[in-house]
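Just below is one structure, and these are the notes that go with it.
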Amino acid sequence: MLDLNNALNRIMNWLQQHKPEYAESFLPGLKDNRAIAPLNKALHDDDIEVRAKALNSLFNFKVIDSLINALEDESEYIREQAVRDLGELKDLLAVEPLSRLLEDSAFMVREAAKKSLAQLSQ
């Protein structure tokens with residue numbers, strides 16, 4: 001099993017360095033927590049598309065703390081998507097971080113935060 005994990009890690013490292021657009025599609029197929037660390041790392045990538053794909057995969061894995069961390073992304077698009085994802089997952093851990101975004105500089109993020117907080121109260 002250790003050899004398999006090492007091989008998967010080498011494949012993921014290569015994909016992330018050379019073909020990040022394929023790394024995201026490879027990870028969900030793992031169906032376990034081995035995908036979470038590389039996805040969290042991808043949330044800090046310079047490329048917004050890589051961050052968006054990582055965020056989508058973390059949503060699919062229901063990794064609440066990673067979605068909460070994405071609320072501080074420099075991109076309003078990423079923040080808005082993280083807000084919407086947290087509303088869909090309806091985890092009460094998101095209430096306080098979402099409440100802070102009612103004061104976000106981006107209108108769409110503020111509106112999404114209102115809607116997500118409403119979803120959490122249902």
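Chain labels run A, B, ... following the order of the structure tokens; each chain numbers its residues from 1, and ligands are numbered from 1 in the order shown.
Close contacts of Ile64 (chain A), defined as residues with an atom at most 8 Å away when counting only C-alpha atoms, with chain neighbours fewer than 5 positions off set aside, comprise Phe59, Leu86, Asp91, Leu93 and Ala94 of chain A.
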| said: Could you list, as a ChimeraX atom specification, every residue within 12 Å of Ala112 (chain A), counting only C-alpha atoms and ignoring same-chain residues fewer than 4 positions away? | reply: /A:71,76-88,98-99,101-104,106-108,116-119
| said: I'd like the neighbourhood of Ala54 (chain A) as a list in words, where a residue qualifies if any of its atoms comes within 6 Å (using only C-alpha atoms), though same-chain residues fewer than 5 positions away should be ignored. | reply: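 Once the nearby chain positions are removed, what remains is Leu39, Ala42 and Leu43 of chain A.
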| request: Quick one: pull the distance between CA of Ala52 (chain A) and CA of Asn69 (chain A), Å, one decimal. | output: 13.2 Å
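Here CA of Ala37 (chain A) is placed at a distance of 10.8 Å from CA of Val63 (chain A).
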